[in-house]
Structure formats: structure tokens, C-alpha cells
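Working notes for the structure below.
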Amino acid sequence: MPTAPPGVGQLRGEQSFPDAAEAALANPQLRRNLANATGAIRAKRAAVVAEVQDWQELRAAAAAIKDEVLANLDSYLSQLEARVTERGGVVHWARDAAEANRIVTELVMATGSREVVKVKSMATQEIGLNEALEAAGILAFETDLAELIVQLGHDRPSHILVPAIHRNRSEIRDIFLSEMAGVDPELTDEPAALAEAARRYLRQKFLSAKVAISGANFAVAETGALVIVESEGNGRMCLTLPETLITVMGIEKLVPSFTDLEVFLQLLPRSSTGERMNPYTSIWTGVHPGDGPKEFHLVLLDNGRTATLADEQGRAALRCIRCSACLNVCPVYERTGGHAYGSVYPGPIGAVLSPQLTGVADNASLPFASTLCGACYDVCPVAIDIPTMLVHLRDRVNQDKAAGHRLPTAEAAGMAAASWAMRGRRRWTWLLRAARLGRLAQLSRLSRSGAGRRLLPPPLSSWVNSRDLPQPPAQSFRDWWSEQR
Ligand code: SF4
């Protein structure tokens, strides 16, 4: 089953997660920014979710709707294409990132315009659309405030909902002062002043742009309607002012009927921004003379989604509605930030989605970027069991590795040795007693300084790279139990 092609888009990092995380952990400013931002969103989310008495029933309904879509994706997609076409839109099918980039570039070129405005779209980041447009001489202007900060800072997004979460106010002011044409040189780092500067800058772009490119949160198969939820109103400008609108959407974003939106429009704002309802919800269907864009194109993107759908235990990742609640509760994400994941999809959902879209070999370290604490599953509004999926993907990674080795890997040899020791009662008891002799205790102390790492043979040496070796207890449970009887 084809996966997302290498060399195009933003699904693969240049480093493995442990290497990239080590660099991120050495940045105390980044950790402070992340802890402040995720802590605030977590508290807001918890408060508004607690107000909804049937929250668990809503979660179950959302999961059931998404599973129904995934089980019948072909027919729902055909239905969507028919409805969009009936209402004057044009549907394009893109097997992968390269094909989607080519389709969108050709559509923009055909309008004669060399500038586009964009409203937030993870799908276009996933396929690296801005870079493809730039290569064709087309300038793309991000209009979501956080994405504008990322673009002006020549940076990469590090959070699904708050792409500039790694930046604080004074860093944003510095970016605006150095990169934003016509900005007031006395600009302060007050949020209202920063928002006003962005508003003035973007207003000119909205009024001059002939083409807009958007993503979509949902598409309704029954009616052909597309839905975008956002907080600033910039999306509404993008969706209504330009003459041509091009929407790039992953094929999994469908809901069967308009009434299904009722479930998701309750779950999404509370899970993402901690709001009871979303400030701007834009819904459009095809084109309407004298109202909004004259041309509407919908690009339906696969890019590894069909391959994900083919994995029975991994396909639930396609339920994701990109609320980012799992990122905000993840202890790993809170310490490393999003860049360490190397993909446009960071955090727990990124750790299960990116390896499936690219094939696990290309993102083999991501399923291990988790403590399996389960906080992500608890908050997920579509009840994706991310911890179980991580274990499944770890197994796929290990099976892949084993298939490529004629000899067992060090980890497999270590596990086989542990399994042999634990299967024999006498052997295990003897090992526990040996541990108490103090050697492991000494190594535990040394592991903090790195000396233990050097003393332990592989694979134990890599185990203590990121953990302290536990001190063996003074008395084992078995010995204690024997004494009590
Ligand atoms: S996996 Fe669940 S919690 Fe995480 S972004 Fe997707 S919908 Fe939200």
C-alpha cells in the first residue's frame, strides 16, 4: 500500500526523536514557554469539559461516526464528490503530496495570480505546499496569526493548534519588528498591540488576493458542505473575499450527514481551546453567483491514509479531529516541544499518525516517544486508544528490524535472556539475590553520572541513557513472603 513519498512535505525529521529531544531539553526558555502555554490550555479544557454531563456519550458517538465513515470511506467520498460537483465545485484526487502540490500549483497558475492567502491547513503543511508554490514563483501568505508568526520567523510549527507555542511575546515582537513590512518601530509586546500589527498587515493581503487556499475541519458527504472552525475571523476573510478558493483536505475528514456536525462542534472547541463554542465556524457548499468565490476546487488527499486504513489496529488514528488535547496533557511533549517529533503532527497523535503515513521504517523512533501513561487517551474527544496503538506500532518497528537482521538484535537478545531467566523460579530467585549484592545498586548511582552507561553492556547501556537504573529492594517479595508463612 503506497505511503507518503520521501523528499516532499513535512512528515519526516532529519534526526531521530531521542537526538532531537536531547537538544530541545537543553533549552530552558522553550520548556518554560511550553509549560506555561500547555498548563493554561489544560486548565481551561478541564473546566469546560466538566460542565458537559454527557461528555463520555459524546465521545462514544464521535468515535462511532468516524468508524462508520472509515468503514465505508469509498462510498462517502463518492457521495461527497457528487454533491460538490452538483453545486459548482470541482473535485481533484491526489494520491500523494507530490500530486497534490502539482494540482494546486497548476490551479493557481491558471488564474494568472502569483500571490495566495492561506487559512490554517495542516494538510498543506503536511505536503509542503508553500515550498512547492515558492518553487513555481508563487508567494503564499499565512493568515492565521500563529502561522503568520511561524512563517515570518522562518520557523516550523510545533503544535497543532498553536503552531508558535514555543515563542513568547517578546520573541514575537522581535520577529514582527524584523520581518513585517511597515510595522510601527515602537511596537510593544502587549498581546493587543501584536494582534493589531498583524491585523493591519493581513488586511492588505486579504483585499488584494485573488486566490485563497484553505484546509477543512470537516466535509459533509450528504450535502457537499465544507467546514472550517477558527478563532480569529481571518479564515472567514480567506473563504469569502478571493475569486478562487482551493481547499486541500485529507480523505478522512468526512462526516456522513449535517446532523453529525452537532457532535463534533461540541467536542472540538472544548477539547482544543477550552471554549464552550467556536468563535468562527464557516460552512460553504460549492459556488453561488454574487456571493463568495466564483471558483471552488476541492483537492482530496491520500498521502498514506489508505495505508493507515489498511492496518486494523492503527486505523483509528484517522478518527483524529486535530484538537491537540493529547499534546497538552503529554508529559513528553511538554518537555520536548513539537519540533523534536520532526513531523507537522507532533505529540501523541503524531507518534501514531506520522509513522503510519510514511511507513514505520521512516519514523521508527516516534512510537517510542511516550511513557504510555494514558493521559492522551483520557482526553481524546474521539476516544483514540493511543497507548495501545503505540505498543502495536512498536511491535511493527521491531518486526521490521528483525526481518532485516540475520542475527537477533541486542534488544531481542536481551529480551530472550530476560524471558529465560523469568521462566525458571530458581534462576530468577538467584538473579534477584545477585542484584542485592550491590552491584546493580552501585551502577544505579553511577548511571546518573554516565559511568553506569559505560559499565553496562548493550542493550542495557541504551536503557540507562534516559533513565536511572532502579535500586534493587533490600528484600524481595518472594523472600518476605517466605518469612511470613
Ligand atoms: S488524537 Fe484525539 S486528542 Fe489528539 S489531536 Fe487527535 S482528536 Fe485531539
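Ordering of the C-alpha cells sets the chain letters (A, B, ...), residue numbers begin anew at 1 in every chain, and ligands are numbered from 1 in the order given.
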
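Proximity to Leu161 of chain A at 9 Å, evaluated using only C-alpha atoms and with sequence-adjacent residues fewer than 6 positions away removed, yields A:Ala146, A:Ser272, A:Thr273, A:Arg322, A:Cys323, A:Ser324.
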
(message) Can you tell me which residues surround Leu353 of chain A at a distance of at most 12 Å, considering only C-alpha atoms, apart from same-chain residues fewer than 5 positions away, and format the answer as a PyMOL selection string?
(response) chain A and resi 3-4+11-12+126+303-305+307-309+311+314-320+322+341+343-348+358-360+363-364+366-367+384+386+389-390+393

(request) Can you list, as an NGL selection string, all residues belonging to segment 375-419 of chain A that DSSP tags as alpha helix (DSSP H)? (result) :A and (375-379 or 386-403 or 410-419)

Could you please take those selected residues and save N, CA, C and O atoms as a short mmCIF file (atom, residue, chain, number, x, y, z; two decimals), in the first residue's frame?
```cif
data_model
loop_
_atom_site.label_atom_id
_atom_site.label_comp_id
_atom_site.auth_asym_id
_atom_site.auth_seq_id
_atom_site.Cartn_x
_atom_site.Cartn_y
_atom_site.Cartn_z
N ALA A 375 -2.62 9.44 29.45
CA ALA A 375 -3.33 10.72 29.57
C ALA A 375 -3.94 11.14 28.23
O ALA A 375 -5.02 11.74 28.19
N CYS A 376 -3.27 10.80 27.13
CA CYS A 376 -3.77 11.18 25.80
C CYS A 376 -5.12 10.51 25.50
O CYS A 376 -6.03 11.13 24.96
N TYR A 377 -5.22 9.24 25.88
CA TYR A 377 -6.47 8.50 25.63
C TYR A 377 -7.61 9.11 26.47
O TYR A 377 -8.73 9.28 25.98
N ASP A 378 -7.30 9.47 27.70
CA ASP A 378 -8.34 10.02 28.59
C ASP A 378 -8.96 11.29 28.03
O ASP A 378 -10.15 11.53 28.19
N VAL A 379 -8.15 12.14 27.39
CA VAL A 379 -8.69 13.43 26.94
C VAL A 379 -9.17 13.41 25.49
O VAL A 379 -9.85 14.34 25.07
N ILE A 386 -4.53 5.74 22.02
CA ILE A 386 -3.16 5.98 21.52
C ILE A 386 -2.14 5.05 22.19
O ILE A 386 -1.28 4.49 21.51
N PRO A 387 -2.20 4.82 23.52
CA PRO A 387 -1.19 3.94 24.12
C PRO A 387 -1.17 2.54 23.51
O PRO A 387 -0.10 2.01 23.21
N THR A 388 -2.34 1.95 23.30
CA THR A 388 -2.37 0.61 22.71
C THR A 388 -1.81 0.64 21.28
O THR A 388 -1.10 -0.27 20.85
N MET A 389 -2.14 1.72 20.56
CA MET A 389 -1.65 1.85 19.19
C MET A 389 -0.12 2.02 19.17
O MET A 389 0.56 1.50 18.29
N LEU A 390 0.40 2.74 20.16
CA LEU A 390 1.86 2.90 20.24
C LEU A 390 2.55 1.55 20.43
O LEU A 390 3.56 1.26 19.79
N VAL A 391 1.97 0.72 21.30
CA VAL A 391 2.56 -0.61 21.53
C VAL A 391 2.52 -1.44 20.25
O VAL A 391 3.48 -2.10 19.87
N HIS A 392 1.38 -1.33 19.54
CA HIS A 392 1.25 -2.06 18.27
C HIS A 392 2.31 -1.59 17.27
O HIS A 392 2.95 -2.41 16.59
N LEU A 393 2.51 -0.25 17.19
CA LEU A 393 3.49 0.27 16.22
C LEU A 393 4.92 -0.08 16.65
O LEU A 393 5.78 -0.30 15.81
N ARG A 394 5.17 -0.13 17.96
CA ARG A 394 6.50 -0.56 18.42
C ARG A 394 6.76 -1.99 17.93
O ARG A 394 7.86 -2.33 17.50
N ASP A 395 5.73 -2.80 18.00
CA ASP A 395 5.87 -4.18 17.55
C ASP A 395 6.17 -4.21 16.05
O ASP A 395 7.03 -4.96 15.59
N ARG A 396 5.46 -3.33 15.29
CA ARG A 396 5.72 -3.29 13.84
C ARG A 396 7.16 -2.88 13.56
O ARG A 396 7.83 -3.43 12.69
N VAL A 397 7.65 -1.88 14.32
CA VAL A 397 9.03 -1.43 14.13
C VAL A 397 9.99 -2.57 14.43
O VAL A 397 10.92 -2.85 13.66
N ASN A 398 9.75 -3.27 15.54
CA ASN A 398 10.65 -4.36 15.93
C ASN A 398 10.61 -5.52 14.93
O ASN A 398 11.63 -6.13 14.62
N GLN A 399 9.41 -5.79 14.43
CA GLN A 399 9.29 -6.87 13.42
C GLN A 399 10.06 -6.49 12.16
O GLN A 399 10.72 -7.33 11.55
N ASP A 400 9.95 -5.21 11.77
CA ASP A 400 10.69 -4.73 10.59
C ASP A 400 12.18 -4.90 10.79
O ASP A 400 12.90 -5.36 9.92
N LYS A 401 12.63 -4.49 12.01
CA LYS A 401 14.06 -4.58 12.30
C LYS A 401 14.50 -6.03 12.27
O LYS A 401 15.54 -6.37 11.70
N ALA A 402 13.71 -6.89 12.91
CA ALA A 402 14.07 -8.31 12.99
C ALA A 402 14.14 -8.91 11.59
O ALA A 402 15.02 -9.72 11.28
N ALA A 403 13.23 -8.49 10.71
CA ALA A 403 13.20 -9.03 9.35
C ALA A 403 14.46 -8.66 8.58
O ALA A 403 14.90 -9.38 7.69
N ALA A 410 20.42 -6.64 19.59
CA ALA A 410 20.82 -6.65 21.00
C ALA A 410 19.59 -6.64 21.89
O ALA A 410 19.52 -7.34 22.91
N GLU A 411 18.56 -5.85 21.47
CA GLU A 411 17.35 -5.77 22.29
C GLU A 411 16.64 -7.13 22.33
O GLU A 411 16.22 -7.60 23.39
N ALA A 412 16.55 -7.78 21.13
CA ALA A 412 15.87 -9.08 21.09
C ALA A 412 16.63 -10.09 21.93
O ALA A 412 16.03 -10.91 22.64
N ALA A 413 18.00 -10.03 21.86
CA ALA A 413 18.80 -10.97 22.66
C ALA A 413 18.58 -10.72 24.15
O ALA A 413 18.45 -11.66 24.95
N GLY A 414 18.52 -9.43 24.54
CA GLY A 414 18.28 -9.08 25.95
C GLY A 414 16.93 -9.58 26.43
O GLY A 414 16.81 -10.12 27.53
N MET A 415 15.91 -9.39 25.58
CA MET A 415 14.56 -9.83 25.96
C MET A 415 14.51 -11.37 26.07
O MET A 415 13.86 -11.92 26.96
N ALA A 416 15.20 -12.04 25.16
CA ALA A 416 15.22 -13.51 25.20
C ALA A 416 15.89 -13.98 26.50
O ALA A 416 15.42 -14.92 27.15
N ALA A 417 16.98 -13.28 26.89
CA ALA A 417 17.67 -13.65 28.13
C ALA A 417 16.77 -13.41 29.34
O ALA A 417 16.70 -14.25 30.26
N ALA A 418 16.05 -12.26 29.33
CA ALA A 418 15.14 -11.96 30.45
C ALA A 418 14.04 -13.00 30.52
O ALA A 418 13.65 -13.47 31.61
N SER A 419 13.52 -13.36 29.36
CA SER A 419 12.44 -14.35 29.32
C SER A 419 12.93 -15.70 29.88
O SER A 419 12.25 -16.36 30.66
#
```

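In this comparison, which uses only C-alpha atoms, the residue of A:Ala369, A:Val382, A:Cys330, A:Leu431 approaching Ala21 of chain A most closely is A:Ala369.
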
Could you give me, as a short mmCIF file (atom, residue, chain, number, x, y, z; two decimals) with all heavy atoms, in the first residue's frame, the residues within 7 Å of Arg167 of chain A, counting only C-alpha atoms and dropping anything in the same chain fewer than 4 positions from it?
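To be explicit, this is the file written out as selection_20.cif:
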```cif
data_model
loop_
_atom_site.label_atom_id
_atom_site.label_comp_id
_atom_site.auth_asym_id
_atom_site.auth_seq_id
_atom_site.Cartn_x
_atom_site.Cartn_y
_atom_site.Cartn_z
N ASN A 33 8.20 28.23 28.11
CA ASN A 33 7.10 28.63 27.22
C ASN A 33 6.05 27.51 27.12
O ASN A 33 4.84 27.74 27.17
CB ASN A 33 7.62 28.95 25.81
CG ASN A 33 8.52 30.17 25.77
OD1 ASN A 33 8.66 30.86 26.78
ND2 ASN A 33 9.12 30.42 24.63
N GLU A 171 9.58 37.45 21.96
CA GLU A 171 10.16 36.85 20.74
C GLU A 171 9.28 37.20 19.53
O GLU A 171 9.80 37.49 18.44
CB GLU A 171 10.24 35.33 20.89
CG GLU A 171 11.31 34.86 21.88
CD GLU A 171 11.29 33.35 22.08
OE1 GLU A 171 10.26 32.82 22.54
OE2 GLU A 171 12.29 32.70 21.78
N ILE A 172 7.96 37.19 19.73
CA ILE A 172 7.05 37.51 18.62
C ILE A 172 7.23 38.98 18.20
O ILE A 172 7.29 39.30 17.01
CB ILE A 172 5.59 37.22 19.03
CG1 ILE A 172 5.41 35.71 19.24
CG2 ILE A 172 4.60 37.74 17.99
CD1 ILE A 172 4.13 35.32 19.93
#
```

(message) When you count only C-alpha atoms and all ligand atoms, which of these residues is closest to ligand 1: A:Lys253, A:Thr240, A:His405, A:Pro293?
(response)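 For ligand 1, the nearest of the candidates is A:Lys253.
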
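Distance check against ligand 1 using only C-alpha atoms and all ligand atoms: of A:Gly374, A:Gly9, A:Gly404, A:Pro470, the minimum falls on A:Gly374.
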
Any chance you could tabulate, as a tab-separated table, the residues of segment 216-252 of chain A at most 9 Å from segment 62-78 of chain A with each one's nearest atom pair and distance in Å to one decimal, using only C-alpha atoms, in chain and rising number order?
```
residue	atom	partner	partner_atom	distance
A:Val220	CA	A:Tyr76	CA	9.0
A:Ala221	CA	A:Tyr76	CA	5.8
A:Glu222	CA	A:Tyr76	CA	8.3
A:Ile251	CA	A:Leu77	CA	7.5
A:Glu252	CA	A:Leu70	CA	7.1
```

(message) Taking only C-alpha atoms and all ligand atoms into account, name the residue in A:Lys120, A:Arg173, A:Lys205, A:His159 that is nearest to ligand 1.
(response)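 Looking at the shortest contact to ligand 1, the residue is A:His159.
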